[in-house]
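Novice: Coordinates in model01.cif, mmCIF, C-alpha atoms and all ligand atoms, are listed below.
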data_structure
loop_
_atom_site.label_atom_id
_atom_site.label_comp_id
_atom_site.auth_asym_id
_atom_site.auth_seq_id
_atom_site.Cartn_x
_atom_site.Cartn_y
_atom_site.Cartn_z
CA MET A 1 40.00 -47.26 -4.82
CA GLU A 2 39.28 -49.39 -1.75
CA ASN A 3 38.34 -47.28 1.22
CA ASN A 4 36.21 -49.01 3.87
CA ILE A 5 33.28 -49.54 1.58
CA ASP A 6 30.12 -50.53 3.39
CA MET A 7 28.94 -53.40 1.20
CA LYS A 8 25.94 -54.05 3.44
CA VAL A 9 24.26 -51.02 1.95
CA ILE A 10 24.21 -52.49 -1.53
CA GLN A 11 24.14 -56.24 -1.06
CA TRP A 12 21.61 -58.39 -2.91
CA PHE A 13 20.73 -61.50 -0.97
CA PRO A 14 21.18 -65.01 -2.39
CA GLY A 15 17.46 -65.71 -2.14
CA HIS A 16 16.69 -62.57 -4.07
CA MET A 17 19.22 -63.46 -6.75
CA ALA A 18 17.84 -67.00 -7.14
CA LYS A 19 14.31 -65.64 -7.49
CA THR A 20 15.48 -63.14 -10.09
CA ARG A 21 17.27 -65.84 -12.06
CA ARG A 22 14.13 -67.97 -12.11
CA ALA A 23 11.90 -65.09 -13.19
CA ILE A 24 14.29 -64.12 -15.97
CA ALA A 25 14.59 -67.74 -17.15
CA ALA A 26 10.78 -68.01 -17.32
CA ASN A 27 10.49 -64.76 -19.29
CA LEU A 28 13.29 -65.69 -21.65
CA LYS A 29 11.19 -68.60 -22.89
CA LEU A 30 8.64 -66.11 -24.17
CA VAL A 31 10.90 -63.86 -26.20
CA ASP A 32 12.93 -63.97 -29.39
CA ALA A 33 15.69 -61.61 -28.27
CA VAL A 34 17.08 -59.76 -25.29
CA VAL A 35 17.91 -56.08 -25.12
CA GLU A 36 20.66 -55.71 -22.54
CA ILE A 37 21.03 -52.19 -21.28
CA ILE A 38 24.25 -50.96 -19.70
CA ASP A 39 25.58 -47.52 -18.78
CA ALA A 40 27.95 -46.08 -21.39
CA ARG A 41 30.01 -44.49 -18.60
CA THR A 42 30.54 -47.83 -16.84
CA PRO A 43 30.09 -50.60 -19.43
CA LEU A 44 31.82 -53.17 -17.21
CA SER A 45 30.55 -52.25 -13.77
CA SER A 46 26.96 -51.66 -14.86
CA ARG A 47 26.56 -55.14 -16.27
CA ASN A 48 26.05 -58.38 -14.50
CA PRO A 49 28.29 -61.00 -16.11
CA GLU A 50 25.74 -63.72 -15.30
CA ILE A 51 23.69 -62.33 -18.12
CA ASP A 52 25.96 -64.12 -20.60
CA ARG A 53 25.11 -67.48 -19.11
CA MET A 54 21.44 -66.69 -18.55
CA THR A 55 20.88 -65.53 -22.10
CA ALA A 56 23.30 -67.86 -23.87
CA SER A 57 20.58 -69.33 -26.05
CA LYS A 58 19.00 -66.01 -27.04
CA PRO A 59 19.98 -63.41 -29.61
CA ARG A 60 21.03 -60.29 -27.73
CA ILE A 61 21.75 -56.66 -28.48
CA VAL A 62 23.56 -54.36 -26.04
CA LEU A 63 22.54 -50.74 -25.57
CA LEU A 64 25.13 -48.36 -24.17
CA ASN A 65 22.65 -46.01 -22.58
CA LYS A 66 23.23 -42.50 -21.19
CA CYS A 67 25.65 -41.91 -24.05
CA ASP A 68 24.87 -38.21 -23.65
CA LEU A 69 26.84 -38.34 -20.38
CA ALA A 70 29.71 -40.51 -21.63
CA ASP A 71 32.85 -39.60 -23.56
CA SER A 72 31.85 -40.24 -27.18
CA ASN A 73 35.32 -41.45 -28.22
CA ALA A 74 35.27 -43.97 -25.39
CA THR A 75 31.79 -45.13 -26.40
CA GLY A 76 33.10 -45.73 -29.92
CA VAL A 77 35.99 -47.76 -28.51
CA TRP A 78 33.53 -49.84 -26.48
CA ILE A 79 31.29 -50.51 -29.47
CA ASN A 80 34.26 -51.74 -31.51
CA TYR A 81 35.50 -53.84 -28.63
CA LEU A 82 32.12 -55.55 -28.30
CA LYS A 83 31.91 -56.00 -32.06
CA LYS A 84 35.16 -57.99 -31.96
CA ASP A 85 33.41 -60.30 -29.50
CA ASN A 86 30.51 -60.61 -31.95
CA VAL A 87 28.28 -58.53 -29.74
CA THR A 88 26.08 -56.00 -31.52
CA ALA A 89 25.97 -52.76 -29.54
CA LEU A 90 24.38 -49.37 -30.05
CA ALA A 91 24.87 -46.06 -28.25
CA VAL A 92 21.58 -44.58 -27.08
CA ASP A 93 20.24 -41.81 -24.91
CA CYS A 94 16.89 -42.86 -23.53
CA LYS A 95 16.34 -39.44 -22.01
CA SER A 96 16.25 -37.60 -25.35
CA GLY A 97 15.53 -40.69 -27.43
CA LYS A 98 18.70 -40.37 -29.48
CA GLY A 99 19.70 -43.61 -31.22
CA ILE A 100 16.56 -45.50 -30.22
CA ASN A 101 15.11 -45.55 -33.72
CA LYS A 102 18.03 -47.75 -34.76
CA LEU A 103 17.19 -50.47 -32.27
CA LEU A 104 14.48 -52.44 -34.08
CA PRO A 105 16.03 -52.23 -37.58
CA THR A 106 19.45 -53.20 -36.19
CA LEU A 107 18.00 -56.12 -34.26
CA LYS A 108 16.25 -57.47 -37.33
CA ALA A 109 19.27 -56.97 -39.58
CA THR A 110 21.78 -58.55 -37.20
CA VAL A 111 20.99 -60.82 -34.25
CA LEU A 112 17.51 -61.70 -35.51
CA LYS A 113 18.46 -62.02 -39.18
CA GLU A 114 18.32 -65.81 -39.12
CA LEU A 115 14.93 -65.86 -37.43
CA MET A 116 13.55 -63.30 -39.89
CA GLU A 117 14.78 -65.37 -42.83
CA LYS A 118 13.35 -68.56 -41.36
CA ARG A 119 9.98 -66.90 -40.87
CA GLU A 120 10.10 -65.59 -44.43
CA ARG A 121 10.79 -69.08 -45.81
CA SER A 122 7.98 -70.63 -43.83
CA GLY A 123 5.44 -67.88 -44.55
CA MET A 124 5.39 -66.80 -40.88
CA THR A 125 6.23 -63.15 -41.40
CA GLY A 126 3.09 -62.10 -39.53
CA ALA A 127 4.38 -63.48 -36.22
CA PRO A 128 5.50 -60.66 -33.91
CA VAL A 129 9.07 -60.39 -32.74
CA ARG A 130 9.09 -60.48 -28.94
CA LEU A 131 11.68 -58.75 -26.84
CA MET A 132 12.60 -58.27 -23.22
CA ILE A 133 14.88 -55.77 -21.54
CA LEU A 134 17.49 -56.74 -18.98
CA GLY A 135 19.72 -54.54 -16.86
CA ILE A 136 20.78 -53.50 -13.39
CA PRO A 137 18.74 -50.90 -11.44
CA ASN A 138 18.84 -47.27 -12.62
CA VAL A 139 20.43 -48.07 -15.95
CA GLY A 140 17.44 -46.76 -17.90
CA LYS A 141 15.13 -49.75 -18.45
CA SER A 142 11.89 -47.86 -17.74
CA SER A 143 13.06 -44.90 -19.80
CA LEU A 144 13.74 -47.26 -22.68
CA ILE A 145 10.32 -48.91 -22.42
CA ASN A 146 8.66 -45.49 -22.37
CA ARG A 147 10.71 -44.32 -25.32
CA LEU A 148 10.01 -47.42 -27.37
CA ALA A 149 6.34 -47.52 -26.53
CA GLY A 150 5.81 -43.80 -26.97
CA GLY A 151 2.61 -42.32 -25.61
CA LYS A 152 0.44 -45.23 -26.63
CA ARG A 153 1.49 -48.09 -24.46
CA ALA A 154 -1.21 -50.34 -25.87
CA LYS A 155 -1.32 -53.54 -23.90
CA VAL A 156 -1.89 -56.74 -25.79
CA GLU A 157 -3.09 -60.05 -24.46
CA ASP A 158 -1.52 -61.89 -21.55
CA ARG A 159 0.32 -65.06 -22.37
CA PRO A 160 -0.93 -68.24 -20.78
CA GLY A 161 1.20 -70.62 -18.75
CA VAL A 162 2.97 -68.13 -16.51
CA THR A 163 2.13 -67.39 -12.93
CA ARG A 164 2.40 -63.62 -13.03
CA VAL A 165 0.35 -61.69 -15.51
CA LYS A 166 2.65 -60.46 -18.22
CA GLN A 167 1.76 -57.56 -20.37
CA TRP A 168 3.05 -57.03 -23.86
CA VAL A 169 3.49 -53.59 -25.29
CA LYS A 170 3.01 -53.33 -29.02
CA LEU A 171 5.83 -51.46 -30.71
CA ARG A 172 6.17 -50.57 -34.34
CA ASP A 173 7.37 -53.03 -37.02
CA ASN A 174 5.32 -55.90 -35.63
CA THR A 175 7.39 -56.06 -32.44
CA GLU A 176 6.20 -56.65 -28.90
CA LEU A 177 8.01 -55.83 -25.70
CA LEU A 178 7.55 -57.52 -22.37
CA ASP A 179 6.39 -54.73 -20.07
CA MET A 180 8.42 -56.12 -17.20
CA PRO A 181 12.16 -55.71 -17.57
CA GLY A 182 14.49 -58.19 -15.90
CA VAL A 183 16.29 -56.43 -13.08
CA LEU A 184 19.71 -57.89 -12.52
CA TRP A 185 21.85 -57.22 -9.49
CA PRO A 186 25.03 -55.23 -10.08
CA LYS A 187 28.32 -57.02 -9.87
CA PHE A 188 30.26 -56.31 -6.71
CA GLU A 189 33.06 -58.85 -6.50
CA ASP A 190 35.26 -55.95 -7.32
CA GLN A 191 34.86 -52.96 -5.01
CA THR A 192 36.00 -50.50 -7.63
CA ALA A 193 32.82 -51.40 -9.52
CA ALA A 194 30.76 -50.34 -6.50
CA VAL A 195 32.61 -47.03 -6.31
CA LYS A 196 32.02 -46.27 -10.01
CA LEU A 197 28.34 -47.12 -9.64
CA ALA A 198 28.17 -44.78 -6.65
CA PHE A 199 29.82 -42.02 -8.73
CA THR A 200 27.09 -42.31 -11.35
CA GLY A 201 24.35 -42.61 -8.72
CA ALA A 202 23.40 -46.10 -9.92
CA ILE A 203 23.66 -47.31 -6.32
CA SER A 204 23.31 -45.49 -3.05
CA ASP A 205 26.26 -43.26 -2.27
CA ASP A 206 26.06 -44.36 1.38
CA ILE A 207 28.70 -46.99 0.63
CA LEU A 208 31.26 -44.34 1.53
CA ASP A 209 31.11 -40.95 3.12
CA ILE A 210 30.30 -38.38 0.49
CA GLU A 211 33.57 -36.49 0.78
CA THR A 212 35.65 -39.62 0.23
CA LEU A 213 33.54 -40.48 -2.78
CA ALA A 214 33.94 -37.00 -4.27
CA MET A 215 37.69 -37.03 -3.62
CA MET A 216 37.97 -40.35 -5.48
CA LEU A 217 35.99 -38.98 -8.39
CA LEU A 218 38.10 -35.81 -8.52
CA THR A 219 41.29 -37.86 -8.48
CA TYR A 220 40.02 -39.91 -11.43
CA LEU A 221 38.98 -36.77 -13.33
CA ALA A 222 42.29 -35.05 -12.67
CA GLU A 223 44.08 -38.06 -14.13
CA SER A 224 41.79 -38.89 -17.04
CA TYR A 225 39.95 -35.66 -17.89
CA PRO A 226 42.16 -32.87 -16.48
CA GLN A 227 40.97 -30.27 -18.97
CA THR A 228 37.30 -30.94 -18.34
CA LEU A 229 37.85 -30.65 -14.59
CA ALA A 230 40.03 -27.55 -14.81
CA GLU A 231 37.52 -25.76 -17.06
CA ARG A 232 34.48 -26.53 -14.94
CA TYR A 233 35.97 -25.28 -11.68
CA LYS A 234 38.52 -22.86 -13.11
CA LEU A 235 41.35 -24.77 -11.49
CA GLU A 236 45.00 -24.65 -12.35
CA LEU A 237 46.14 -28.22 -12.17
CA SER A 238 49.80 -29.05 -12.04
CA GLY A 239 49.26 -32.81 -11.74
CA GLY A 240 49.58 -35.03 -8.71
CA GLU A 241 47.10 -33.12 -6.51
CA SER A 242 45.50 -35.24 -3.81
CA GLY A 243 41.74 -35.79 -3.70
CA LEU A 244 41.51 -33.51 -0.66
CA GLU A 245 43.45 -30.75 -2.39
CA LEU A 246 41.14 -30.99 -5.38
CA LEU A 247 38.00 -30.96 -3.23
CA GLU A 248 39.24 -27.95 -1.29
CA ALA A 249 40.12 -26.15 -4.50
CA VAL A 250 36.58 -26.71 -5.80
CA GLY A 251 35.07 -25.49 -2.51
CA LYS A 252 37.28 -22.41 -2.53
CA LYS A 253 36.45 -21.53 -6.14
CA ARG A 254 32.77 -21.85 -5.37
CA GLY A 255 33.01 -19.75 -2.21
CA MET A 256 31.94 -22.61 0.05
CA ILE A 257 33.45 -21.26 3.23
CA ILE A 258 32.22 -21.84 6.77
CA SER A 259 32.90 -19.75 9.84
CA GLY A 260 36.58 -19.40 10.58
CA GLY A 261 37.43 -19.46 6.87
CA GLU A 262 37.36 -23.22 6.64
CA ILE A 263 36.24 -24.80 3.36
CA ASN A 264 32.90 -26.60 3.47
CA CYS A 265 34.09 -29.86 1.96
CA GLU A 266 30.73 -31.56 2.38
CA ARG A 267 29.00 -28.96 0.22
CA ALA A 268 31.81 -29.13 -2.31
CA ALA A 269 31.48 -32.93 -2.44
CA ILE A 270 27.73 -32.76 -3.00
CA THR A 271 28.25 -30.21 -5.77
CA VAL A 272 30.91 -32.30 -7.53
CA LEU A 273 28.80 -35.46 -7.46
CA ASP A 274 25.62 -33.65 -8.56
CA GLU A 275 27.40 -31.89 -11.39
CA PHE A 276 29.06 -35.10 -12.52
CA ARG A 277 25.80 -37.05 -12.51
CA SER A 278 23.88 -34.41 -14.40
CA GLY A 279 26.59 -34.07 -17.03
CA LYS A 280 27.49 -30.47 -16.11
CA LEU A 281 31.03 -31.57 -15.48
CA GLY A 282 31.31 -32.81 -19.05
CA ARG A 283 31.10 -36.14 -20.82
CA VAL A 284 33.12 -38.68 -18.91
CA THR A 285 33.61 -42.44 -19.18
CA LEU A 286 34.81 -44.20 -16.06
CA GLU A 287 36.27 -47.36 -17.55
CA MET A 288 37.77 -48.56 -20.79
CA PRO A 289 37.74 -52.09 -22.23
CA PRO A 290 40.33 -54.46 -20.81
CA VAL A 291 43.43 -54.92 -22.94
CA ARG A 292 43.20 -58.12 -24.99
CA GLU A 293 46.05 -60.55 -24.82
P1 LIG A 301 15.62 -48.28 -14.47
O1 LIG A 301 14.22 -48.46 -14.99
O2 LIG A 301 16.63 -49.14 -15.17
O3 LIG A 301 15.73 -48.39 -12.99
O4 LIG A 301 16.06 -46.77 -14.83
P2 LIG A 301 15.20 -45.50 -15.22
O5 LIG A 301 14.65 -45.63 -16.59
O6 LIG A 301 14.24 -45.21 -14.11
O7 LIG A 301 16.34 -44.38 -15.25
C1 LIG A 301 17.08 -44.04 -14.10
C2 LIG A 301 17.52 -42.58 -14.22
O8 LIG A 301 18.38 -42.42 -15.35
C3 LIG A 301 16.35 -41.61 -14.44
O9 LIG A 301 16.72 -40.38 -13.84
C4 LIG A 301 16.37 -41.41 -15.95
O10 LIG A 301 15.77 -40.20 -16.36
C5 LIG A 301 17.85 -41.41 -16.22
N1 LIG A 301 18.17 -41.80 -17.60
C6 LIG A 301 17.75 -42.89 -18.27
N2 LIG A 301 18.28 -42.92 -19.50
C7 LIG A 301 19.07 -41.82 -19.61
C8 LIG A 301 19.92 -41.30 -20.66
O11 LIG A 301 20.09 -41.87 -21.73
N3 LIG A 301 20.58 -40.13 -20.37
C9 LIG A 301 20.45 -39.48 -19.20
N4 LIG A 301 21.13 -38.37 -19.04
N5 LIG A 301 19.68 -39.96 -18.20
C10 LIG A 301 19.01 -41.11 -18.40
P3 LIG A 301 16.09 -39.91 -12.48
O12 LIG A 301 16.94 -38.79 -12.00
O13 LIG A 301 15.90 -41.08 -11.58
O14 LIG A 301 14.71 -39.41 -12.88
P4 LIG A 301 14.33 -38.22 -13.89
O15 LIG A 301 15.55 -37.40 -14.12
O16 LIG A 301 13.86 -38.88 -15.13
O17 LIG A 301 13.28 -37.51 -13.14
#
What would the structure in this file look like if it were written as structure tokens?
Ligand code: G4P
Specialist:
Amino acid sequence: MENNIDMKVIQWFPGHMAKTRRAIAANLKLVDAVVEIIDARTPLSSRNPEIDRMTASKPRIVLLNKCDLADSNATGVWINYLKKDNVTALAVDCKSGKGINKLLPTLKATVLKELMEKRERSGMTGAPVRLMILGIPNVGKSSLINRLAGGKRAKVEDRPGVTRVKQWVKLRDNTELLDMPGVLWPKFEDQTAAVKLAFTGAISDDILDIETLAMMLLTYLAESYPQTLAERYKLELSGGESGLELLEAVGKKRGMIISGGEINCERAAITVLDEFRSGKLGRVTLEMPPVRE
């Protein structure tokens, strides 16, 4: 998938990363658990592996967000994979709110069970459970906060001892959410991760020219979701088509022709990426869990 990717477009700078780490570390001291949000279509590429180290001492739940856009079988495979690593994960759709009502009960019954029992034993059941959200840009952190907080984002008091004013949003079940999610930088050691994040629109698609990006996406779809692709664009796929052939076929089917009868590949590329991102192309997952040894 490597194709002259312009990493400058998406680079986070070391100073920025250090500042983020410090801010997250300071906020972690204030909460009982972390809600890590990743994209169900790209569960590997949309997560920053540093989160494991940063949150090692905190109970954590993982939300596979945008599950409405992901292949539901693949999401099930991911949830089981994470479970085997003792990671509690839930599939959610922060746009419609699907699955979100399971978050607080699941947290309390799993990763926070010990804390809940301890509080019960010591007569501290009135103490609120405090949470913070962590995730890379565009993964759905704000949507999740809005969903959890509903219309009434009642602010509670600021906590002392921190430089920036932190607001807590009261949720139901005696839970409070830090109204300032931790924004982690995406992981780019591997350029295929950048390409997948560009497919989903999580990062700028300027990392590559739009036609190359669409051709890469079409090649992946033709290999992994041939039926979905064929149905959407009424294509007859025989297998082995190149990205350019696929893009031209889409342009032709959609009547995207410029003067001289040439296919307008740029328009076709924009259409493919837009339709993929909005879910019109079907529910697609871009990566599966690595095979365990
Ligand atoms: P962030 O705070 O982590 O940066 O992400 P944010 O909530 O702003 O979400 C980024 C985009 O993803 C938004 O779309 C949002 O609506 C969309 N989104 C979040 N969760 C889901 C989900 O579960 N399913 C789907 N399909 N989309 C989701 P946008 O185009 O930037 O804005 P808009 O469409 O809300 O206007």
Novice: Residues within 7 Å of ligand LIG 301 (chain A) should be enumerated using all atoms listed in the file and returned as a ChimeraX atom specification.
Specialist: /A:65-69,92-96,135-144,278
Novice: Quick one: of A:Lys252, A:Leu131, A:Ile24, A:Ile79, who's nearest to A:Arg53, counting only C-alpha atoms?
Specialist: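 Among A:Lys252, A:Leu131, A:Ile24, A:Ile79, it is A:Ile24 that comes nearest to A:Arg53.
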Novice: Considering all atoms listed in the file, can you say which of A:His16, A:Met288, A:Leu148, A:Asp209 comes closest to A:Lys98?
Specialist: A:Leu148
Novice: Could you check the closest approach to A:Ala74 for each of A:Leu213, A:Val284, A:Leu247, A:Ile263 and tell me which residue wins, using all atoms listed in the file?
Specialist: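 Under the stated criterion, the closest residue is A:Val284.
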Novice: Calculated over only C-alpha atoms, which of the candidates A:Arg47, A:Arg121, A:Lys187, A:Arg130 has the smallest distance to A:Trp12?
Specialist: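 For A:Trp12, the nearest of the candidates is A:Lys187.
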Novice: My list of candidates is A:Asp71, A:Glu287, A:Leu107, A:Ser242. Which is closest to A:Thr228 when distances are computed with all atoms listed in the file?
Specialist: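 That would be A:Asp71, the residue with the smallest distance to A:Thr228.
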Novice: Separation of atom CA of A:Asp190 and atom CA of A:Glu266, in Å?
Specialist: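 Going from atom CA of A:Asp190 over to atom CA of A:Glu266 covers 26.6 Å.
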Novice: Separation of atom CA of A:Val169 and atom CA of A:Ala149, in Å?
Specialist: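 Spanning atom CA of A:Val169 to atom CA of A:Ala149 is a straight-line distance of 6.8 Å.
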Novice: My list of candidates is A:Thr192, A:Asn27, A:Thr88, A:Asn146. Which is closest to A:Ile100 when distances are computed with only C-alpha atoms?
Specialist: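 Nearest candidate to A:Ile100 out of A:Thr192, A:Asn27, A:Thr88, A:Asn146: A:Asn146.
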Novice: Take atom CA of A:Thr55 and atom CA of A:Ala25 and report the distance between them in Å, one decimal.
Specialist: 8.3 Å
